[in-house]
file data-v5.cif (mmCIF, C-alpha atoms and all ligand atoms)
data_target
#
loop_
_atom_site.label_atom_id
_atom_site.label_comp_id
_atom_site.auth_asym_id
_atom_site.auth_seq_id
_atom_site.Cartn_x
_atom_site.Cartn_y
_atom_site.Cartn_z
CA MET A 137 -227.20 132.48 -109.65
CA PRO A 138 -226.95 135.28 -112.19
CA ARG A 139 -228.16 138.62 -110.96
CA VAL A 140 -231.08 140.81 -112.00
CA LEU A 141 -231.86 144.40 -111.14
CA SER A 142 -235.01 146.25 -111.99
CA GLY A 143 -236.86 149.26 -110.73
CA MET A 144 -240.06 151.25 -110.89
CA ARG A 145 -240.55 154.94 -110.40
CA PRO A 146 -242.99 155.71 -107.57
CA THR A 147 -245.10 158.16 -109.53
CA GLY A 148 -248.57 156.79 -108.81
CA GLN A 149 -250.56 153.74 -107.85
CA LEU A 150 -249.98 150.54 -109.78
CA HIS A 151 -252.51 149.08 -112.18
CA LEU A 152 -253.08 145.92 -114.17
CA GLY A 153 -250.60 147.07 -116.80
CA HIS A 154 -247.81 146.94 -114.20
CA LEU A 155 -248.90 143.47 -113.13
CA VAL A 156 -248.92 142.05 -116.64
CA GLY A 157 -245.98 144.09 -117.92
CA ALA A 158 -243.57 143.73 -115.02
CA LEU A 159 -244.62 142.19 -111.72
CA ALA A 160 -245.69 138.79 -113.04
CA ASN A 161 -242.30 138.53 -114.70
CA TRP A 162 -240.38 139.72 -111.63
CA LYS A 163 -242.11 137.03 -109.62
CA LYS A 164 -240.91 134.32 -112.01
CA LEU A 165 -237.37 135.67 -112.19
CA GLN A 166 -236.96 135.16 -108.45
CA GLU A 167 -236.67 131.43 -109.07
CA SER A 168 -233.63 131.60 -111.35
CA TYR A 169 -231.89 134.89 -110.48
CA GLU A 170 -230.64 136.74 -107.46
CA CYS A 171 -233.01 139.70 -107.73
CA PHE A 172 -232.75 143.33 -106.66
CA PHE A 173 -236.00 145.27 -107.01
CA MET A 174 -235.78 148.98 -106.45
CA VAL A 175 -238.12 151.88 -105.76
CA ALA A 176 -236.50 154.41 -108.10
CA ASP A 177 -237.31 157.51 -106.09
CA TRP A 178 -234.46 159.65 -107.45
CA HIS A 179 -235.74 158.88 -110.93
CA ALA A 180 -239.25 159.83 -109.84
CA LEU A 181 -237.94 163.12 -108.49
CA MET A 182 -236.31 163.95 -111.82
CA GLY A 183 -239.76 164.19 -113.37
CA GLU A 184 -241.81 165.29 -110.36
CA TYR A 185 -239.49 167.77 -108.63
CA GLU A 186 -242.12 170.50 -108.86
CA ASN A 187 -244.65 168.34 -106.98
CA PRO A 188 -242.70 165.71 -105.07
CA GLN A 189 -244.97 165.46 -102.02
CA LYS A 190 -246.37 162.01 -102.83
CA ILE A 191 -243.25 160.17 -103.96
CA ARG A 192 -242.59 158.62 -100.57
CA GLN A 193 -246.21 157.51 -100.09
CA TRP A 194 -246.39 156.06 -103.60
CA GLY A 195 -243.18 154.15 -102.93
CA TYR A 196 -244.81 152.47 -99.93
CA GLU A 197 -247.99 151.72 -101.85
CA ASN A 198 -246.04 150.27 -104.77
CA VAL A 199 -244.07 147.97 -102.48
CA VAL A 200 -247.31 146.70 -100.92
CA ASP A 201 -248.47 145.73 -104.41
CA TRP A 202 -245.13 144.08 -105.17
CA LEU A 203 -245.55 141.91 -102.08
CA ALA A 204 -249.13 141.06 -103.02
CA ALA A 205 -247.92 140.12 -106.50
CA GLY A 206 -245.59 137.55 -104.97
CA ILE A 207 -242.29 139.41 -104.76
CA ASP A 208 -240.78 137.72 -101.75
CA PRO A 209 -238.41 139.74 -99.55
CA LYS A 210 -236.79 136.50 -98.41
CA LYS A 211 -235.78 135.69 -101.96
CA SER A 212 -235.29 139.19 -103.39
CA VAL A 213 -233.77 142.39 -102.13
CA ILE A 214 -236.44 145.10 -102.10
CA PHE A 215 -235.05 148.56 -101.47
CA ARG A 216 -235.40 152.27 -102.09
CA GLN A 217 -232.78 153.88 -104.32
CA SER A 218 -232.22 156.94 -102.10
CA ASP A 219 -231.45 154.72 -99.09
CA VAL A 220 -228.35 153.47 -100.88
CA PRO A 221 -226.14 156.54 -101.44
CA GLU A 222 -223.80 154.56 -103.67
CA HIS A 223 -226.31 155.05 -106.54
CA THR A 224 -225.62 158.78 -106.69
CA GLU A 225 -221.89 158.18 -106.23
CA LEU A 226 -221.65 155.87 -109.20
CA PHE A 227 -223.93 158.24 -111.13
CA THR A 228 -221.28 160.94 -110.63
CA VAL A 229 -218.51 158.71 -111.95
CA LEU A 230 -220.54 157.62 -114.98
CA SER A 231 -221.57 161.25 -115.66
CA ILE A 232 -217.90 162.14 -115.86
CA ILE A 233 -217.16 159.58 -118.56
CA THR A 234 -220.39 159.70 -120.61
CA PRO A 235 -220.10 161.92 -123.69
CA LEU A 236 -222.82 164.55 -123.88
CA GLY A 237 -223.81 163.44 -127.39
CA TRP A 238 -224.73 159.98 -126.15
CA VAL A 239 -227.34 161.24 -123.69
CA GLU A 240 -228.67 163.92 -126.01
CA ARG A 241 -229.38 161.24 -128.60
CA VAL A 242 -231.37 158.89 -126.34
CA PRO A 243 -234.78 158.68 -128.05
CA THR A 244 -236.80 158.57 -124.82
CA TYR A 245 -235.24 161.87 -123.79
CA LYS A 246 -236.23 163.71 -126.94
CA GLU A 247 -239.67 162.12 -126.88
CA GLN A 248 -240.37 163.10 -123.28
CA LEU A 249 -239.28 166.68 -123.84
CA ARG A 250 -241.63 166.82 -126.79
CA GLU A 251 -244.62 165.06 -125.31
CA ILE A 252 -244.80 165.78 -121.63
CA GLU A 253 -246.74 168.95 -121.04
CA GLY A 254 -247.06 171.01 -117.92
CA ARG A 255 -243.66 170.01 -116.53
CA ASP A 256 -240.30 171.54 -117.20
CA LEU A 257 -237.96 168.67 -117.97
CA THR A 258 -235.20 170.78 -119.48
CA THR A 259 -232.94 170.28 -116.50
CA TYR A 260 -229.37 169.11 -116.20
CA GLY A 261 -230.48 166.19 -114.04
CA PHE A 262 -233.17 164.92 -116.38
CA LEU A 263 -230.69 164.65 -119.23
CA GLY A 264 -228.79 162.28 -116.95
CA TYR A 265 -231.81 160.04 -116.29
CA PRO A 266 -230.45 157.05 -118.24
CA VAL A 267 -226.99 157.53 -116.72
CA LEU A 268 -228.50 157.13 -113.25
CA GLN A 269 -230.27 154.05 -114.56
CA ALA A 270 -226.92 152.70 -115.78
CA ALA A 271 -225.51 153.34 -112.30
CA ASP A 272 -228.43 151.38 -110.75
CA ILE A 273 -227.65 148.39 -112.93
CA LEU A 274 -223.85 148.47 -112.75
CA LEU A 275 -223.70 149.02 -109.00
CA TYR A 276 -224.97 145.45 -108.59
CA LYS A 277 -223.08 144.14 -111.63
CA ALA A 278 -226.42 142.85 -112.86
CA ASP A 279 -226.25 140.28 -115.66
CA ALA A 280 -229.75 140.96 -116.85
CA VAL A 281 -232.41 143.64 -116.60
CA PRO A 282 -236.09 142.91 -117.18
CA VAL A 283 -237.50 145.88 -119.05
CA GLY A 284 -240.25 146.84 -121.42
CA GLU A 285 -239.41 147.71 -124.99
CA ASP A 286 -239.48 151.44 -124.23
CA GLN A 287 -236.47 151.03 -121.95
CA LEU A 288 -234.20 149.28 -124.47
CA PRO A 289 -232.32 152.47 -125.44
CA HIS A 290 -231.41 152.95 -121.77
CA LEU A 291 -229.96 149.48 -121.62
CA GLU A 292 -228.04 150.03 -124.82
CA LEU A 293 -226.57 153.21 -123.34
CA THR A 294 -225.61 151.26 -120.23
CA ARG A 295 -223.72 148.76 -122.35
CA GLU A 296 -221.92 151.58 -124.18
CA ILE A 297 -220.94 153.16 -120.88
CA VAL A 298 -219.55 149.81 -119.72
CA ARG A 299 -217.36 149.57 -122.82
CA ARG A 300 -216.17 153.14 -122.37
CA ALA A 301 -215.31 152.56 -118.70
CA HIS A 302 -213.35 149.45 -119.61
CA PHE A 303 -211.55 151.28 -122.40
CA LEU A 304 -210.55 154.13 -120.06
CA LEU A 305 -209.53 151.82 -117.24
CA LYS A 306 -207.89 149.21 -119.47
CA LYS A 307 -209.59 146.72 -117.24
CA GLU A 308 -212.98 145.00 -117.03
CA ILE A 309 -215.13 145.66 -114.01
CA PHE A 310 -218.73 145.28 -115.10
CA PRO A 311 -220.66 142.64 -117.03
CA GLU A 312 -222.51 144.04 -120.05
CA PRO A 313 -226.10 143.67 -118.88
CA LYS A 314 -228.56 141.90 -121.16
CA PRO A 315 -232.14 143.04 -121.53
CA LEU A 316 -234.79 140.49 -120.59
CA LEU A 317 -237.66 141.65 -122.70
CA THR A 318 -240.94 140.98 -120.98
CA GLU A 319 -243.02 139.10 -123.49
CA SER A 320 -246.33 140.23 -122.22
CA PRO A 321 -249.40 140.90 -124.25
CA ARG A 322 -250.02 144.58 -124.66
CA LEU A 323 -252.84 145.27 -122.27
CA LEU A 324 -255.18 148.01 -123.39
CA GLY A 325 -257.14 150.24 -121.05
CA ALA A 326 -260.85 149.95 -120.28
CA ASP A 327 -261.67 152.14 -123.29
CA GLY A 328 -259.46 150.25 -125.75
CA ARG A 329 -256.74 152.92 -125.82
CA LYS A 330 -253.26 152.37 -124.38
CA MET A 331 -253.60 151.80 -120.61
CA SER A 332 -252.38 154.96 -118.97
CA LYS A 333 -253.07 156.95 -115.86
CA SER A 334 -253.39 160.09 -117.96
CA TYR A 335 -256.30 158.57 -119.94
CA GLY A 336 -258.11 157.52 -116.77
CA ASN A 337 -258.63 154.03 -118.23
CA THR A 338 -256.63 151.92 -115.78
CA PHE A 339 -257.74 149.22 -113.37
CA ASN A 340 -255.98 149.74 -110.06
CA LEU A 341 -254.68 146.58 -108.47
CA TYR A 342 -256.51 146.93 -105.18
CA GLN A 343 -259.66 148.48 -106.61
CA ASP A 344 -262.84 147.79 -104.67
CA ALA A 345 -264.52 144.64 -106.04
CA ASP A 346 -267.83 146.31 -106.92
CA ALA A 347 -266.14 149.26 -108.59
CA LEU A 348 -264.15 146.77 -110.62
CA ARG A 349 -267.32 144.91 -111.68
CA GLN A 350 -268.91 148.18 -112.75
CA ALA A 351 -265.85 149.29 -114.71
CA ILE A 352 -265.79 145.97 -116.57
CA GLN A 353 -269.50 146.22 -117.36
CA LYS A 354 -268.75 149.53 -119.08
CA MET A 355 -266.00 148.13 -121.31
CA VAL A 356 -266.60 148.36 -125.04
CA THR A 357 -266.76 144.99 -126.83
CA ASP A 358 -266.84 144.16 -130.54
CA THR A 359 -268.56 147.22 -132.03
CA THR A 360 -269.75 145.27 -135.08
CA ARG A 361 -271.74 142.90 -132.91
CA ILE A 362 -275.09 144.53 -132.28
CA LYS A 363 -277.34 141.60 -131.42
CA MET A 364 -276.32 138.48 -129.59
CA THR A 365 -277.11 136.43 -132.69
CA ASP A 366 -274.42 138.33 -134.66
CA PRO A 367 -271.18 136.37 -134.81
CA GLY A 368 -268.45 137.97 -132.63
CA HIS A 369 -264.88 138.88 -133.58
CA PRO A 370 -262.93 138.10 -130.43
CA GLU A 371 -259.59 139.16 -131.95
CA ALA A 372 -260.99 142.68 -132.29
CA CYS A 373 -262.61 142.80 -128.86
CA ASN A 374 -260.89 144.24 -125.80
CA VAL A 375 -262.94 142.10 -123.39
CA CYS A 376 -261.97 138.93 -125.27
CA GLY A 377 -258.35 140.14 -125.14
CA TYR A 378 -258.60 140.38 -121.38
CA TRP A 379 -259.92 136.83 -121.31
CA LYS A 380 -256.88 135.65 -123.17
CA THR A 381 -254.54 137.46 -120.79
CA PHE A 382 -256.24 136.70 -117.49
CA ALA A 383 -257.98 133.34 -118.06
CA PRO A 384 -255.84 131.74 -120.78
CA ASP A 385 -257.11 128.23 -120.05
CA ARG A 386 -260.73 129.21 -120.63
CA ALA A 387 -260.21 131.73 -123.41
CA ALA A 388 -260.07 129.36 -126.41
CA ALA A 389 -263.49 127.87 -125.66
CA MET A 390 -264.94 131.26 -124.85
CA TRP A 391 -263.63 132.79 -128.09
CA GLU A 392 -265.21 129.94 -130.06
CA GLU A 393 -268.59 130.46 -128.36
CA CYS A 394 -268.34 134.18 -129.11
CA ARG A 395 -267.59 133.54 -132.80
CA THR A 396 -270.52 131.16 -133.11
CA SER A 397 -272.94 133.41 -131.20
CA LYS A 398 -273.34 130.94 -128.35
CA ARG A 399 -272.46 133.55 -125.77
CA GLY A 400 -273.11 137.24 -125.56
CA CYS A 401 -270.99 140.18 -124.57
CA SER A 402 -272.66 140.82 -121.24
CA GLN A 403 -272.09 137.23 -120.11
CA ASN A 404 -268.45 137.64 -121.15
CA LYS A 405 -268.14 140.75 -119.07
CA ARG A 406 -269.96 139.33 -116.07
CA GLU A 407 -267.70 136.28 -115.98
CA LEU A 408 -264.57 138.31 -116.71
CA ALA A 409 -265.44 140.55 -113.77
CA GLU A 410 -265.40 137.55 -111.44
CA VAL A 411 -262.04 136.41 -112.84
CA MET A 412 -260.67 139.89 -112.22
CA VAL A 413 -262.11 140.16 -108.72
CA GLU A 414 -260.30 136.91 -107.86
CA LEU A 415 -257.07 138.04 -109.53
CA THR A 416 -257.00 141.30 -107.58
CA ARG A 417 -258.07 139.76 -104.25
CA PRO A 418 -254.49 139.49 -102.88
CA PHE A 419 -253.93 143.18 -103.54
CA ARG A 420 -257.00 144.21 -101.52
CA GLU A 421 -256.26 141.70 -98.77
CA THR A 422 -252.58 142.66 -98.40
CA ARG A 423 -253.61 146.29 -98.11
CA GLU A 424 -256.31 145.58 -95.52
CA LYS A 425 -254.00 143.39 -93.50
CA LEU A 426 -251.35 146.07 -93.54
CA ALA A 427 -253.80 148.69 -92.31
CA GLY A 428 -254.44 146.43 -89.34
CA ASP A 429 -250.70 146.01 -88.75
CA GLY A 430 -249.85 149.68 -88.33
CA GLY A 431 -249.70 150.82 -91.94
CA PHE A 432 -246.48 151.48 -93.70
CA GLU A 433 -244.18 151.08 -90.69
CA LYS A 434 -243.75 147.43 -91.61
CA ILE A 435 -242.86 148.41 -95.16
CA GLU A 436 -240.30 150.90 -93.88
CA VAL A 437 -238.68 148.15 -91.81
CA LEU A 438 -238.63 145.87 -94.84
CA LEU A 439 -237.03 148.61 -96.97
CA GLN A 440 -234.38 149.31 -94.35
CA ASP A 441 -233.46 145.65 -94.30
CA GLY A 442 -233.34 145.69 -98.12
CA ALA A 443 -231.11 148.78 -98.11
CA LYS A 444 -228.67 147.03 -95.80
CA ARG A 445 -228.48 144.04 -98.11
CA ALA A 446 -228.17 146.26 -101.19
CA ARG A 447 -225.40 148.35 -99.61
CA ALA A 448 -223.39 145.24 -98.84
CA VAL A 449 -223.02 144.77 -102.60
CA ALA A 450 -223.02 148.45 -103.63
CA SER A 451 -220.25 149.55 -101.27
CA LYS A 452 -217.91 146.92 -102.71
CA THR A 453 -218.52 148.10 -106.27
CA ILE A 454 -217.94 151.73 -105.32
CA ALA A 455 -214.68 150.86 -103.56
CA GLU A 456 -213.55 149.00 -106.66
CA VAL A 457 -214.55 151.86 -108.98
CA LYS A 458 -212.88 154.54 -106.87
CA HIS A 459 -209.73 152.50 -106.75
CA ALA A 460 -209.78 151.85 -110.49
CA PHE A 461 -210.10 155.59 -111.18
CA GLY A 462 -207.27 156.40 -108.81
CA LEU A 463 -209.32 158.05 -106.07
CA SER A 464 -208.35 155.55 -103.42
N1 LIG A 501 -236.55 153.95 -115.99
C1 LIG A 501 -237.30 152.82 -115.50
C2 LIG A 501 -238.77 152.99 -115.87
O1 LIG A 501 -239.26 154.10 -115.96
C3 LIG A 501 -237.19 152.65 -114.00
C4 LIG A 501 -235.79 152.30 -113.60
C5 LIG A 501 -234.93 153.06 -112.88
C6 LIG A 501 -235.12 151.09 -113.92
N2 LIG A 501 -233.76 152.41 -112.71
C7 LIG A 501 -233.84 151.20 -113.34
C8 LIG A 501 -235.46 149.94 -114.64
C9 LIG A 501 -232.88 150.20 -113.49
C10 LIG A 501 -234.52 148.95 -114.79
C11 LIG A 501 -233.24 149.07 -114.23
O2 LIG A 501 -239.44 152.02 -116.04
#
call {"tool": "encode", "arguments": {"input": "data-v5.cif", "output": "structure tokens"}}
result
Amino acid sequence: MPRVLSGMRPTGQLHLGHLVGALANWKKLQESYECFFMVADWHALMGEYENPQKIRQWGYENVVDWLAAGIDPKKSVIFRQSDVPEHTELFTVLSIITPLGWVERVPTYKEQLREIEGRDLTTYGFLGYPVLQAADILLYKADAVPVGEDQLPHLELTREIVRRAHFLLKKEIFPEPKPLLTESPRLLGADGRKMSKSYGNTFNLYQDADALRQAIQKMVTDTTRIKMTDPGHPEACNVCGYWKTFAPDRAAAMWEECRTSKRGCSQNKRELAEVMVELTRPFRETREKLAGDGGFEKIEVLLQDGAKRARAVASKTIAEVKHAFGLS
């Protein structure tokens, strides 16, 4: 089977955007790829080094949600980046051969420096963020990397680094990894803006059922529809958008009833809330079950097993790379 590697930075709790944008896709990929899914804690530290206290905890919580989303540790290797020291070793090698201009030009780098306030990201390490990401991917010789559109420049840089390594070594070691663009609908937040922790408009995956119902009741619908007898415009309504994403088999009929004023916004929200309560049930249940089973100790055991499996692959690549560069 071809191989996939992907990762998430443990910088907070996961929300519906992560489910739709990544986890649902990761789950499917397990059927046709050998998958490595990584808690990118070194990457998290690059942005959070001034306040790193919660990285470890968030990593555990994220993995719980991965499991609830159907990522299966029997099929996929689930591990934490910092448990596999070969990531930082390969990062060093790639740092040596990556021209400074290439990393300075990465658009996400310039954008983050410009937009992220309250954190000093002008560090040597942060400039190397996409080089570490390249090391993550190449360490496992991944054929494909599921990413969102925002990460495409990082994958392009990875491919350039591969070509440069092969040019310098006069020998091919790595496949050029392909992006697997997640074709997911863009899920907006509860207020209709981009879903983001910093806007406070997310739906957490294990949110309490009643809190979830209340949050959905507060969602803004079609602002041009004042009375129920007004025809609705489902394509311009965030609640109708959620229907399409989370209950695709019922959405067509529901949209039609909305357009023809046969159903009102509050019924839409009430029924959507029940769909969402069902959808998020596994996340609450997995969490509750885990609390009964001694908390995150089980997750730690799972991650240690994952690290062992990851290192079996990673150590071979590092041996090959060191040899190719004349260090062994
Ligand atoms: N940079 C990625 C993100 O923020 C996380 C990540 C780290 C990653 N290493 C990776 C994604 C390797 C894919 C492959 O989403």
call {"tool": "residues_near_ligand", "arguments": {"input": "data-v5.cif", "ligand": "ligand LIG 501 (chain A)", "cutoff": "9 Å", "atoms": "all atoms listed in the file", "output": "ChimeraX atom specification"}}
result
/A:140-145,173-180,217,265-266,268-273,281-284,286-287,290-291
call {"tool": "closest_residue", "arguments": {"input": "data-v5.cif", "among": "A:Cys394, A:Ala205, A:Ala455, A:Ala278", "to": "Leu159 in chain A", "atoms": "all atoms listed in the file"}}
result
A:Ala205
call {"tool": "closest_residue", "arguments": {"input": "data-v5.cif", "among": "A:Glu312, A:His369, A:Ile454, A:Thr357", "to": "Glu292 in chain A", "atoms": "all atoms listed in the file"}}
result
A:Glu312
call {"tool": "closest_residue", "arguments": {"input": "data-v5.cif", "among": "A:His151, A:Lys314, A:Lys211, A:Arg406", "to": "Gly336 in chain A", "atoms": "only C-alpha atoms"}}
result
A:His151
call {"tool": "residues_around", "arguments": {"input": "data-v5.cif", "residues": "Trp379 in chain A", "least_positions_apart": "3", "cutoff": "9 Å", "atoms": "only C-alpha atoms", "output": "tab-separated table (two decimals) with C-alpha atoms, in the coordinates of the input"}}
result
chain	number	residue	atom	x	y	z
A	374	ASN	CA	-260.89	144.24	-125.80
A	375	VAL	CA	-262.94	142.10	-123.39
A	376	CYS	CA	-261.97	138.93	-125.27
A	382	PHE	CA	-256.24	136.70	-117.49
A	383	ALA	CA	-257.98	133.34	-118.06
A	384	PRO	CA	-255.84	131.74	-120.78
A	386	ARG	CA	-260.73	129.21	-120.63
A	387	ALA	CA	-260.21	131.73	-123.41
A	390	MET	CA	-264.94	131.26	-124.85
A	391	TRP	CA	-263.63	132.79	-128.09
A	404	ASN	CA	-268.45	137.64	-121.15
A	408	LEU	CA	-264.57	138.31	-116.71
A	411	VAL	CA	-262.04	136.41	-112.84
call {"tool": "closest_residue", "arguments": {"input": "data-v5.cif", "among": "A:Pro209, A:Ala280, A:Met364, A:Ala204", "to": "Ser168 in chain A", "atoms": "all atoms listed in the file"}}
result
A:Ala280
call {"tool": "residues_near_point", "arguments": {"input": "data-v5.cif", "point": "(-267.9, 132.1, -137.3)", "cutoff": "9 Å", "atoms": "all atoms listed in the file", "output": "number ranges by chain"}}
result
A: 367-369, 392, 394-397
call {"tool": "closest_residue", "arguments": {"input": "data-v5.cif", "among": "A:Ser218, A:Ser231, A:Thr147, A:Gln248", "to": "Asn187 in chain A", "atoms": "all atoms listed in the file"}}
result
A:Thr147
call {"tool": "closest_residue", "arguments": {"input": "data-v5.cif", "among": "A:Ala388, A:Ala301, A:Val200, A:Leu293", "to": "Pro418 in chain A", "atoms": "only C-alpha atoms"}}
result
A:Val200
call {"tool": "residues_around", "arguments": {"input": "data-v5.cif", "residues": "Tyr260 in chain A", "least_positions_apart": "5", "cutoff": "12 Å", "atoms": "all atoms listed in the file", "output": "list of chain:residue names"}}
result
A:Met182, A:Gly183, A:Ser231, A:Leu236, A:Val239, A:Glu240, A:Tyr265, A:Val267
call {"tool": "atom_distance", "arguments": {"input": "data-v5.cif", "atom1": "CA of Tyr378 in chain A", "atom2": "CA of Tyr335 in chain A"}}
result
18.4 Å
call {"tool": "atom_distance", "arguments": {"input": "data-v5.cif", "atom1": "CA of Tyr185 in chain A", "atom2": "CA of Leu150 in chain A"}}
result
20.2 Å
call {"tool": "atom_distance", "arguments": {"input": "data-v5.cif", "atom1": "CA of Gly377 in chain A", "atom2": "CA of Asp208 in chain A"}}
result
29.4 Å
call {"tool": "decode", "arguments": {"input": "data-v5.cif", "residues": "range 412-462 of chain A", "atoms": "C-alpha atoms", "output": "PDB file, in the first residue's frame"}}
result
ATOM      1  CA  MET A 412     -25.247  17.292  15.668  1.00  0.00           C
ATOM      2  CA  VAL A 413     -25.837  15.734  19.078  1.00  0.00           C
ATOM      3  CA  GLU A 414     -25.784  12.310  17.384  1.00  0.00           C
ATOM      4  CA  LEU A 415     -22.707  13.168  15.316  1.00  0.00           C
ATOM      5  CA  THR A 416     -20.732  14.245  18.376  1.00  0.00           C
ATOM      6  CA  ARG A 417     -21.924  11.389  20.610  1.00  0.00           C
ATOM      7  CA  PRO A 418     -18.803   9.222  20.028  1.00  0.00           C
ATOM      8  CA  PHE A 419     -16.583  12.105  21.102  1.00  0.00           C
ATOM      9  CA  ARG A 420     -18.388  12.515  24.435  1.00  0.00           C
ATOM     10  CA  GLU A 421     -18.608   8.771  24.995  1.00  0.00           C
ATOM     11  CA  THR A 422     -14.937   8.090  24.213  1.00  0.00           C
ATOM     12  CA  ARG A 423     -13.956  10.814  26.639  1.00  0.00           C
ATOM     13  CA  GLU A 424     -16.237   9.519  29.406  1.00  0.00           C
ATOM     14  CA  LYS A 425     -15.062   5.972  28.910  1.00  0.00           C
ATOM     15  CA  LEU A 426     -11.466   7.086  29.085  1.00  0.00           C
ATOM     16  CA  ALA A 427     -12.068   8.955  32.337  1.00  0.00           C
ATOM     17  CA  GLY A 428     -13.309   5.668  33.772  1.00  0.00           C
ATOM     18  CA  ASP A 429     -10.239   3.837  32.449  1.00  0.00           C
ATOM     19  CA  GLY A 430      -7.617   5.936  34.212  1.00  0.00           C
ATOM     20  CA  GLY A 431      -7.448   8.967  31.953  1.00  0.00           C
ATOM     21  CA  PHE A 432      -4.630   9.543  29.580  1.00  0.00           C
ATOM     22  CA  GLU A 433      -2.423   6.657  30.722  1.00  0.00           C
ATOM     23  CA  LYS A 434      -4.014   4.487  28.052  1.00  0.00           C
ATOM     24  CA  ILE A 435      -3.287   7.141  25.444  1.00  0.00           C
ATOM     25  CA  GLU A 436       0.331   7.326  26.573  1.00  0.00           C
ATOM     26  CA  VAL A 437       0.644   3.554  26.129  1.00  0.00           C
ATOM     27  CA  LEU A 438      -0.895   3.819  22.674  1.00  0.00           C
ATOM     28  CA  LEU A 439       1.521   6.616  21.722  1.00  0.00           C
ATOM     29  CA  GLN A 440       4.523   4.650  22.956  1.00  0.00           C
ATOM     30  CA  ASP A 441       3.482   1.719  20.815  1.00  0.00           C
ATOM     31  CA  GLY A 442       3.047   4.106  17.864  1.00  0.00           C
ATOM     32  CA  ALA A 443       6.498   5.611  18.452  1.00  0.00           C
ATOM     33  CA  LYS A 444       8.044   2.152  18.344  1.00  0.00           C
ATOM     34  CA  ARG A 445       6.375   1.409  15.026  1.00  0.00           C
ATOM     35  CA  ALA A 446       7.299   4.831  13.639  1.00  0.00           C
ATOM     36  CA  ARG A 447      10.934   4.474  14.713  1.00  0.00           C
ATOM     37  CA  ALA A 448      11.208   1.147  12.939  1.00  0.00           C
ATOM     38  CA  VAL A 449      10.746   3.057   9.674  1.00  0.00           C
ATOM     39  CA  ALA A 450      12.425   6.331  10.687  1.00  0.00           C
ATOM     40  CA  SER A 451      15.686   4.774  11.879  1.00  0.00           C
ATOM     41  CA  LYS A 452      16.163   3.073   8.503  1.00  0.00           C
ATOM     42  CA  THR A 453      15.710   6.341   6.619  1.00  0.00           C
ATOM     43  CA  ILE A 454      18.162   8.158   8.886  1.00  0.00           C
ATOM     44  CA  ALA A 455      20.760   5.416   8.441  1.00  0.00           C
ATOM     45  CA  GLU A 456      20.346   5.688   4.683  1.00  0.00           C
ATOM     46  CA  VAL A 457      20.578   9.495   4.734  1.00  0.00           C
ATOM     47  CA  LYS A 458      23.660   9.566   6.959  1.00  0.00           C
ATOM     48  CA  HIS A 459      25.344   7.059   4.728  1.00  0.00           C
ATOM     49  CA  ALA A 460      24.427   8.959   1.578  1.00  0.00           C
ATOM     50  CA  PHE A 461      25.922  12.160   3.019  1.00  0.00           C
ATOM     51  CA  GLY A 462      29.090  10.376   4.038  1.00  0.00           C
TER      52      GLY A 462
END
